[in-house]
Amino acid sequence: MKLFYALCLIFLLPFCGIAQVKNHSFKLEKSEFLLDGKPYHIISGEIHPARIPAEYWRHRIQMAKAMGCNTIAAYIFWNYHETEPGVFDFETGNRNIARFIRIVQEEGMWLLFRPGPYVCAEWDFGGLPSYLLSIPDIKVRCMDPRYTEAVERYIKALAPVVKDFQVTKGGPVVMVQVENEYGSYGNDRTYMKWVQDEWKENGIEVPFYTADGATAPMLEAGTLPGAAIGLDPGAKAEHFAETTKVNPNVPSFCSELYPGWLTHWGEKWQHPDTAVLLRDVKWLMDSKKSLNFYVIHGGTNFGYWAGANAFAPDQYQPDVTSYDYDAPINEMGQATPKYYALRNLLAKYLPANQQLPSVPAPMPVIEIPEIALTKSASVWDNLPVAIQTPQPKPMEMFGQKGGFILYRTQLIGQKKGKLRITELHDYATVFVDGKYVGKIDRSKVENSIELPASASANPQLDILVEGMGRINFAEYMIDRKGITDRVSLNGMTLMDWQVFTLPFDEAYVQKLKFASTEATRPGAFFKGEFNLANVGDTYLDVSLWEKGVVWVNGHNLGRYWNIGPQKQLYCPAPFLKKGKNEIVIFDLHQLVPKPVKGVKSIE
């Protein structure tokens with residue numbers, strides 16, 4: 001009887017409108033990739049589901065296809081999905097990885113899956129969860145058992161989500177990357193092999209690849225036997241010659257070709273030479289080398305997810321909120337001149353009987369007249385219960401992922417003079433008896449400030465610290481936030497502190513008590529309302545503000561800072577609604593709210 005039903009199902013499927021799944025094969029040959037036994041030239045565009053509203057995933061994938069791509073590459077950010085140790089979310093909003101993969105397949109594209117556990121990507125802590133940093137002596141990206149236990153938990157949670165989407169099971173996933181640019185960080189090849197084996201043991205059977213810089217030391221430390229070799233970047237014959245020395249029996253490809261570049265706060269926007277990019281793409285296409293544009297569309301570091309760089313112990317370079325990256329598809333999803341130049345070039349390599357699909361229409365864009373912010377709330381009136389501690393500790397030790405944290409103590413003995421914060425991470429505003437003294441900025445290698453005399457017998461010292469992006473690349477990745485060592489005044493270590501955790505998450509902002517009174521002390525929230533007849537994408541212009549965070553209808557748009565270059569924050573249409581909308585701004589310095597308006601482009 002079971003056989004009868006099975007045969008009926010096979011014959012009836014074509015007439016029932018039910019898609020038949022076709023399994024494929026994807027293999028590594030000596031110098032090329034084979035899809036169903038035929039050479040496959042990967043032309044990939046990278047996008048990151050976490051940086052793009054889920055409502056726009058399909059549009060961005062269609063844009064990549066219309067530029068000439070046949071494949072999508074996607075980083076998965078571990079810390080975006082494991083919200084607490086052992087608590088995973090792969091289903092809600094733009095955390096719905098299965099939905100993203102289905103859209104890739106529905107649009108006729110293949111997928112390079114890049115799950116980490118470490119990814120870099122200018123993302124906070126390179127995608128590693130901040131709870132790891134609550135372990136004082138943790139070592140990451142190696143065989144430290146505290147770290148590998150967490151990685152194993154992540155792989156066991158993610159593998160069931162993706163394994164049925166492998167090409168061998170009728171899905172679009174053709175390859176899975178093991179770790180990321182490991183040769184730029186360490187040389188624990190046992191760890192690299194262990195990560196690969198964990199994926200295999202949890203059902204991943206498609207080929208693997210690694211990605212590293214095109215140098216002998218990086219490739220020796222970062223590659224794996226039998227895995228394809230990705231180059232970040234690889235656009236010259238000598239780059240690929242290095243991979244042949246490491247392993248001549250697997251294909252190599254340009255796993256990250258950079259059409260743009262990242263930008264830090266205080267820099268000018270990065271605009272690499274398009275002529276060089278077109279030259280590199282032409283060489284790769286003529287040489288039949290597979291490639292991945294990193295990134296074809298960057299999106300946005302909403303919330304507190306932007307990362308940072310540091311290449312010296314005292315260096316700190318936090319990334320801006322926008323991840324436009326000067327990519328071919330800009331932050332709003334619009335085609336740029338670079339996009340059309342690449343599209344025209346790639347079109348020349350199509351078979352004679354094929355042409356690229358039309359470029360999808362851009363999303364609607366709106367302007368918003370000036371918004372008045374008429375209510376305020378002070379952080380000082382909205383403090384949680386204090387936590388007592390002998391000396392300051394970083395926010396991770398209190399289970400806090402990001403945002404701000406306040407440290408308070410009474411000055412006994414030394415009461416004025418040079419206040420020094422050892423290992424401030426990252427930006428502090430300092431107050432004595434409620435009066436603003438000044439700021440200390442890690443990115444400017446500042447660590448001290450002069451405290452004035454006070455009339456109080458034992459003045460109250462408040463240090464409000466903003467934790468900006470955790471370092472996401474190279475050797476200084478252990479980057480806890482807040483005050484990570486100690487505070488001294490004229491050489492005397494200050495003791496007996498109260499700590500107030502201030503994650504400034506959606507729940508915190510919703511509970512704020514706003515009033516029509518003016519702010520009297522730096523560290524204030526401001527609220528306003530505005531009405532919309534129609535919604536569309538916009539940039540909220542906060543160029544008149546100093547330093548802080550913006551929320552629209554509860555959505556955290558990210559950080560702004562008047563040092564630039566970014567002074568407009570992307571607000572996508574899905575964050576807005578017809579009728580009444582609410583905006584909340586927290587500014588570390590301003591006492592008087594300034595107008596905000598919606599504009600159609602970023603400066």
# chains A, B, ... in the order shown; residues from 1 in each chain; ligands from 1
>>> select_by_dssp(residues="range 38-125 of chain A", states="alpha helix (DSSP H)", output="number ranges by chain")
A: 57-67, 78-81, 97-106
>>> closest_atom_pairs(of="range 126-157 of chain A", to="range 399-403 of chain A", cutoff="12 Å", atoms="only C-alpha atoms", output="CSV")
residue,atom,partner,partner_atom,distance
A:Leu128,CA,A:Lys401,CA,11.5
A:Pro129,CA,A:Lys401,CA,8.5
A:Ser130,CA,A:Lys401,CA,6.0
A:Tyr131,CA,A:Gly399,CA,6.9
A:Leu132,CA,A:Gly399,CA,10.2
A:Leu133,CA,A:Gly399,CA,9.6
A:Ser134,CA,A:Gly399,CA,7.4
A:Ile135,CA,A:Gly399,CA,10.9
>>> closest_residue(among="A:Gly333, A:Val379, A:Val465, A:Asp314", to="Pro360 in chain A", atoms="only C-alpha atoms")
A:Gly333
>>> select_by_dssp(residues="range 159-196 of chain A", states="strand (DSSP E or B)", output="PyMOL selection string")
chain A and resi 166+173-177
>>> write_last_selection(atoms="N, CA and C atoms", output="mmCIF file, in the first residue's frame")
data_model
loop_
_atom_site.group_PDB
_atom_site.id
_atom_site.type_symbol
_atom_site.label_atom_id
_atom_site.label_comp_id
_atom_site.auth_asym_id
_atom_site.auth_seq_id
_atom_site.Cartn_x
_atom_site.Cartn_y
_atom_site.Cartn_z
ATOM 1 N N GLN A 166 21.303 22.429 0.992
ATOM 2 C CA GLN A 166 22.517 22.133 0.237
ATOM 3 C C GLN A 166 22.157 21.722 -1.190
ATOM 4 N N VAL A 173 22.771 26.018 -1.824
ATOM 5 C CA VAL A 173 24.072 26.150 -1.159
ATOM 6 C C VAL A 173 25.089 25.234 -1.830
ATOM 7 N N VAL A 174 26.092 25.840 -2.470
ATOM 8 C CA VAL A 174 27.083 25.045 -3.194
ATOM 9 C C VAL A 174 28.372 24.840 -2.398
ATOM 10 N N MET A 175 28.722 25.825 -1.539
ATOM 11 C CA MET A 175 29.932 25.693 -0.722
ATOM 12 C C MET A 175 29.708 26.380 0.621
ATOM 13 N N VAL A 176 30.450 25.909 1.623
ATOM 14 C CA VAL A 176 30.423 26.495 2.962
ATOM 15 C C VAL A 176 31.848 26.906 3.329
ATOM 16 N N GLN A 177 31.996 28.125 3.819
ATOM 17 C CA GLN A 177 33.323 28.592 4.209
ATOM 18 C C GLN A 177 33.630 28.175 5.642
#
>>> closest_residue(among="A:Ser322, A:Thr223, A:Thr190, A:Asn247", to="Leu262 in chain A", atoms="only C-alpha atoms")
A:Ser322
>>> closest_residue(among="A:Gly303, A:Pro503, A:Gly234, A:Pro593", to="Phe525 in chain A", atoms="only C-alpha atoms")
A:Pro593
>>> closest_residue(among="A:Leu489, A:Thr374, A:Ala211, A:Trp561", to="Glu529 in chain A", atoms="only C-alpha atoms")
A:Thr374
>>> atom_distance(atom1="CA of Glu122 in chain A", atom2="CA of Asp144 in chain A")
24.2 Å
>>> residues_around(residues="range 95-109 of chain A", least_positions_apart="5", cutoff="8 Å", atoms="only C-alpha atoms", output="MDAnalysis selection string")
chainID A and resid 49:50 54 57:58 61:62 65 70:72 80:81 89:90 161:162 165 171:172
>>> closest_residue(among="A:Val432, A:Met468, A:Cys142, A:Ala74", to="Leu451 in chain A", atoms="only C-alpha atoms")
A:Val432
>>> residues_around(residues="range 587-592 of chain A", least_positions_apart="2", cutoff="7 Å", atoms="only C-alpha atoms", output="JSON, numbers by chain")
{"A": [519, 520, 521, 522, 523, 524, 525, 546, 547, 548, 549, 585, 594]}
>>> write_last_selection(atoms="C-alpha atoms", output="PDB file, in the first residue's frame")
ATOM      1  CA  ALA A 519      17.145  69.198  29.705  1.00  0.00           C
ATOM      2  CA  THR A 520      19.458  70.656  32.346  1.00  0.00           C
ATOM      3  CA  ARG A 521      22.346  68.186  32.239  1.00  0.00           C
ATOM      4  CA  PRO A 522      24.108  66.475  29.328  1.00  0.00           C
ATOM      5  CA  GLY A 523      22.873  62.938  28.755  1.00  0.00           C
ATOM      6  CA  ALA A 524      19.305  63.502  27.565  1.00  0.00           C
ATOM      7  CA  PHE A 525      16.716  61.815  25.397  1.00  0.00           C
ATOM      8  CA  GLU A 546      26.605  66.112  18.399  1.00  0.00           C
ATOM      9  CA  LYS A 547      26.898  62.426  19.373  1.00  0.00           C
ATOM     10  CA  GLY A 548      24.288  59.813  20.093  1.00  0.00           C
ATOM     11  CA  VAL A 549      21.722  57.301  18.882  1.00  0.00           C
ATOM     12  CA  ILE A 585      17.216  60.785  20.064  1.00  0.00           C
ATOM     13  CA  LYS A 594      17.639  70.651  17.101  1.00  0.00           C
TER      14      LYS A 594
END
>>> decode(residues="range 276-300 of chain A", atoms="N, CA and C atoms", output="tab-separated table (two decimals), in the first residue's frame")
chain	number	residue	atom	x	y	z
A	276	VAL	N	40.41	50.76	-11.66
A	276	VAL	CA	41.19	49.62	-11.15
A	276	VAL	C	40.28	48.41	-10.96
A	277	LEU	N	39.09	48.64	-10.42
A	277	LEU	CA	38.12	47.56	-10.23
A	277	LEU	C	37.77	46.90	-11.56
A	278	LEU	N	37.46	47.70	-12.56
A	278	LEU	CA	37.08	47.15	-13.86
A	278	LEU	C	38.24	46.38	-14.49
A	279	ARG	N	39.44	46.87	-14.29
A	279	ARG	CA	40.62	46.15	-14.80
A	279	ARG	C	40.73	44.78	-14.15
A	280	ASP	N	40.53	44.73	-12.81
A	280	ASP	CA	40.64	43.46	-12.09
A	280	ASP	C	39.54	42.49	-12.49
A	281	VAL	N	38.31	43.00	-12.65
A	281	VAL	CA	37.21	42.12	-13.06
A	281	VAL	C	37.48	41.56	-14.45
A	282	LYS	N	37.95	42.40	-15.34
A	282	LYS	CA	38.25	41.93	-16.71
A	282	LYS	C	39.30	40.83	-16.68
A	283	TRP	N	40.34	41.00	-15.86
A	283	TRP	CA	41.38	39.97	-15.78
A	283	TRP	C	40.79	38.66	-15.26
A	284	LEU	N	39.98	38.75	-14.22
A	284	LEU	CA	39.37	37.54	-13.64
A	284	LEU	C	38.45	36.85	-14.64
A	285	MET	N	37.67	37.62	-15.35
A	285	MET	CA	36.75	37.03	-16.34
A	285	MET	C	37.53	36.42	-17.51
A	286	ASP	N	38.53	37.14	-17.99
A	286	ASP	CA	39.33	36.60	-19.10
A	286	ASP	C	40.08	35.34	-18.69
A	287	SER	N	40.47	35.29	-17.41
A	287	SER	CA	41.23	34.15	-16.91
A	287	SER	C	40.32	33.03	-16.43
A	288	LYS	N	39.00	33.25	-16.54
A	288	LYS	CA	38.00	32.28	-16.09
A	288	LYS	C	38.18	31.93	-14.61
A	289	LYS	N	38.51	32.95	-13.83
A	289	LYS	CA	38.62	32.80	-12.38
A	289	LYS	C	37.30	33.22	-11.73
A	290	SER	N	36.79	32.40	-10.86
A	290	SER	CA	35.56	32.74	-10.15
A	290	SER	C	35.83	33.88	-9.18
A	291	LEU	N	34.77	34.64	-8.87
A	291	LEU	CA	34.95	35.82	-8.02
A	291	LEU	C	33.70	36.12	-7.23
A	292	ASN	N	33.91	36.85	-6.14
A	292	ASN	CA	32.82	37.32	-5.30
A	292	ASN	C	33.04	38.79	-4.99
A	293	PHE	N	32.08	39.65	-5.35
A	293	PHE	CA	32.17	41.06	-5.04
A	293	PHE	C	31.85	41.26	-3.55
A	294	TYR	N	32.87	41.71	-2.79
A	294	TYR	CA	32.64	42.01	-1.37
A	294	TYR	C	32.73	43.53	-1.18
A	295	VAL	N	31.58	44.17	-1.01
A	295	VAL	CA	30.21	43.69	-1.09
A	295	VAL	C	29.57	44.29	-2.32
A	296	ILE	N	28.55	43.58	-2.86
A	296	ILE	CA	27.81	44.18	-3.96
A	296	ILE	C	26.80	45.18	-3.41
A	297	HIS	N	26.35	44.92	-2.17
A	297	HIS	CA	25.46	45.83	-1.46
A	297	HIS	C	25.71	45.66	0.03
A	298	GLY	N	26.08	46.75	0.71
A	298	GLY	CA	26.50	46.64	2.10
A	298	GLY	C	25.37	46.71	3.11
A	299	GLY	N	24.45	47.65	2.91
A	299	GLY	CA	23.38	47.81	3.88
A	299	GLY	C	23.78	48.73	5.02
A	300	THR	N	23.34	48.40	6.23
A	300	THR	CA	23.46	49.31	7.37
A	300	THR	C	23.78	48.57	8.64
